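> As input, take data_24.cif (mmCIF, C-alpha atoms):
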```cif
data_model
#
loop_
_atom_site.group_PDB
_atom_site.id
_atom_site.type_symbol
_atom_site.label_atom_id
_atom_site.label_comp_id
_atom_site.auth_asym_id
_atom_site.auth_seq_id
_atom_site.Cartn_x
_atom_site.Cartn_y
_atom_site.Cartn_z
ATOM 1 C CA MET A 81 -96.657 -5.767 106.321
ATOM 2 C CA PHE A 82 -95.582 -7.666 103.212
ATOM 3 C CA CYS A 83 -97.595 -10.679 102.138
ATOM 4 C CA LYS A 84 -96.784 -13.312 99.549
ATOM 5 C CA HIS A 85 -100.399 -13.743 98.502
ATOM 6 C CA LYS A 86 -102.093 -17.107 98.191
ATOM 7 C CA TRP A 87 -105.173 -16.309 96.087
ATOM 8 C CA LYS A 88 -108.419 -18.265 96.459
ATOM 9 C CA LEU A 89 -111.375 -17.874 94.069
ATOM 10 C CA LEU A 90 -114.464 -16.540 95.885
ATOM 11 C CA SER A 91 -116.893 -16.067 93.024
ATOM 12 C CA GLU A 92 -117.103 -16.242 89.250
ATOM 13 C CA THR A 93 -119.884 -14.639 87.207
ATOM 14 C CA HIS A 94 -120.748 -14.405 83.514
ATOM 15 C CA LEU A 95 -122.983 -11.451 82.611
ATOM 16 C CA LYS A 96 -125.257 -11.487 79.571
ATOM 17 C CA SER A 97 -124.743 -9.061 76.727
ATOM 18 C CA LYS A 98 -127.228 -6.261 76.041
ATOM 19 C CA PHE A 99 -128.464 -8.179 72.995
ATOM 20 C CA GLU A 100 -129.074 -11.397 74.979
ATOM 21 C CA THR A 101 -130.957 -9.415 77.633
ATOM 22 C CA ALA A 102 -133.180 -7.774 74.984
ATOM 23 C CA VAL A 103 -133.924 -11.114 73.299
ATOM 24 C CA ASP A 104 -134.783 -12.730 76.660
ATOM 25 C CA ALA A 105 -137.168 -9.849 77.454
ATOM 26 C CA ILE A 106 -138.907 -10.349 74.106
ATOM 27 C CA ARG A 107 -139.149 -14.137 74.548
ATOM 28 C CA HIS A 108 -140.561 -13.974 78.065
ATOM 29 C CA GLY A 109 -143.259 -11.472 77.167
ATOM 30 C CA CYS A 110 -141.905 -8.472 79.043
ATOM 31 C CA ILE A 111 -142.206 -6.475 75.833
ATOM 32 C CA PRO A 112 -145.405 -6.683 73.766
ATOM 33 C CA THR A 113 -144.539 -8.156 70.395
ATOM 34 C CA GLU A 114 -146.028 -8.563 66.980
ATOM 35 C CA GLU A 115 -144.885 -11.252 64.567
ATOM 36 C CA ARG A 116 -141.544 -9.527 63.933
ATOM 37 C CA THR A 117 -139.770 -7.447 66.532
ATOM 38 C CA LYS A 118 -136.842 -5.158 65.904
ATOM 39 C CA VAL A 119 -134.106 -4.810 68.496
ATOM 40 C CA PRO A 120 -132.894 -1.186 68.866
ATOM 41 C CA ALA A 121 -129.365 -0.474 67.648
ATOM 42 C CA GLN A 122 -128.259 0.430 71.195
ATOM 43 C CA MET A 123 -129.110 -3.102 72.296
ATOM 44 C CA CYS A 124 -127.135 -4.908 69.576
ATOM 45 C CA ASP A 125 -123.922 -4.953 71.600
ATOM 46 C CA ALA A 126 -122.798 -8.591 71.939
ATOM 47 C CA THR A 127 -119.925 -8.093 74.404
ATOM 48 C CA ARG A 128 -120.282 -10.073 77.628
ATOM 49 C CA LYS A 129 -118.367 -9.754 80.895
ATOM 50 C CA HIS A 130 -116.603 -12.394 82.959
ATOM 51 C CA ILE A 131 -116.053 -11.308 86.580
ATOM 52 C CA GLN A 132 -113.841 -13.133 89.074
ATOM 53 C CA VAL A 133 -113.295 -12.201 92.722
ATOM 54 C CA PHE A 134 -110.271 -13.547 94.609
ATOM 55 C CA THR A 135 -109.172 -13.220 98.225
ATOM 56 C CA CYS A 136 -105.785 -13.831 99.817
ATOM 57 C CA GLU A 137 -105.967 -16.665 102.355
ATOM 58 C CA LYS A 138 -103.197 -15.064 104.433
ATOM 59 C CA CYS A 139 -104.035 -11.336 104.664
ATOM 60 C CA GLY A 140 -107.637 -11.157 103.367
ATOM 61 C CA LYS A 141 -106.946 -8.720 100.523
ATOM 62 C CA LEU A 142 -109.579 -8.760 97.742
ATOM 63 C CA LYS A 143 -108.861 -8.609 94.016
ATOM 64 C CA ARG A 144 -111.427 -8.383 91.216
ATOM 65 C CA TYR A 145 -110.821 -9.125 87.543
ATOM 66 C CA VAL A 146 -113.338 -7.992 84.902
ATOM 67 C CA GLU A 147 -112.803 -9.219 81.340
ATOM 68 C CA GLU A 148 -114.857 -8.467 78.263
ATOM 69 C CA ILE A 149 -115.535 -11.499 76.122
#
```
Can you dump the structure from the file as structure tokens?


Amino acid sequence: MFCKHKWKLLSETHLKSKFETAVDAIRHGCIPTEERTKVPAQMCDATRKHIQVFTCEKCGKLKRYVEEI
């Protein structure tokens, strides 16, 4: 019923920001470009996310932490 958890890291992920995603799309030719390309204001958000998923080795409970960088 009560568990003194022993957490084990299952996965760790770093997500790109909206700005990095837009720049990658421009670089890889997904968006037709001229010499200069403007990135829309909605895509200028530079916050990224760091996601970690842990599980308890004893009871199997899952815990997820999402941090904005």

> For Lys143 in chain A, which residue among A:Cys83, A:Asp125, A:Ile131, A:His108 is the nearest when counting only C-alpha atoms?

A:Ile131

> Give as an NGL selection string every residue, naming chains and numbers as the document does, that has an atom within 10 Å of (-116.5, -5.0, 79.1), counting all atoms listed in the file.

:A and (95 or 97 or 127-131 or 146-149)

> Please indicate the distance in Å from CA of Asp104 in chain A to CA of Met123 in chain A, rounded to one decimal place.

12.0 Å

> Quick one: apply the PyMOL selection byres ((chain A and resi 85) around 9) to the file and drop the selected residues here as a tab-separated table (two decimals) with C-alpha atoms, keeping the file's coordinate frame.


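Resulting contents of out01.tsv:
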```tsv
chain	number	residue	atom	x	y	z
A	83	CYS	CA	-97.60	-10.68	102.14
A	84	LYS	CA	-96.78	-13.31	99.55
A	86	LYS	CA	-102.09	-17.11	98.19
A	87	TRP	CA	-105.17	-16.31	96.09
A	135	THR	CA	-109.17	-13.22	98.22
A	136	CYS	CA	-105.78	-13.83	99.82
A	137	GLU	CA	-105.97	-16.66	102.36
A	138	LYS	CA	-103.20	-15.06	104.43
A	139	CYS	CA	-104.04	-11.34	104.66
A	141	LYS	CA	-106.95	-8.72	100.52
```

> As an exercise, work out the distance from CA of Lys88 in chain A to CA of Phe134 in chain A in Å and give it to one decimal place.

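CA of Phe134 in chain A lies 5.4 Å from CA of Lys88 in chain A.
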
> So the first atom is CA of Thr93 in chain A and the second is CA of Arg107 in chain A; what is the distance between them in Å, to one decimal place?

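Taking CA of Thr93 in chain A as the start and CA of Arg107 in chain A as the end point, the length is 23.1 Å.
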
> Please write as a PyMOL selection string the full residue list that the PyMOL selection byres ((chain A and resi 132) around 6) yields on this file.

chain A and resi 91-92+131+133+144-145
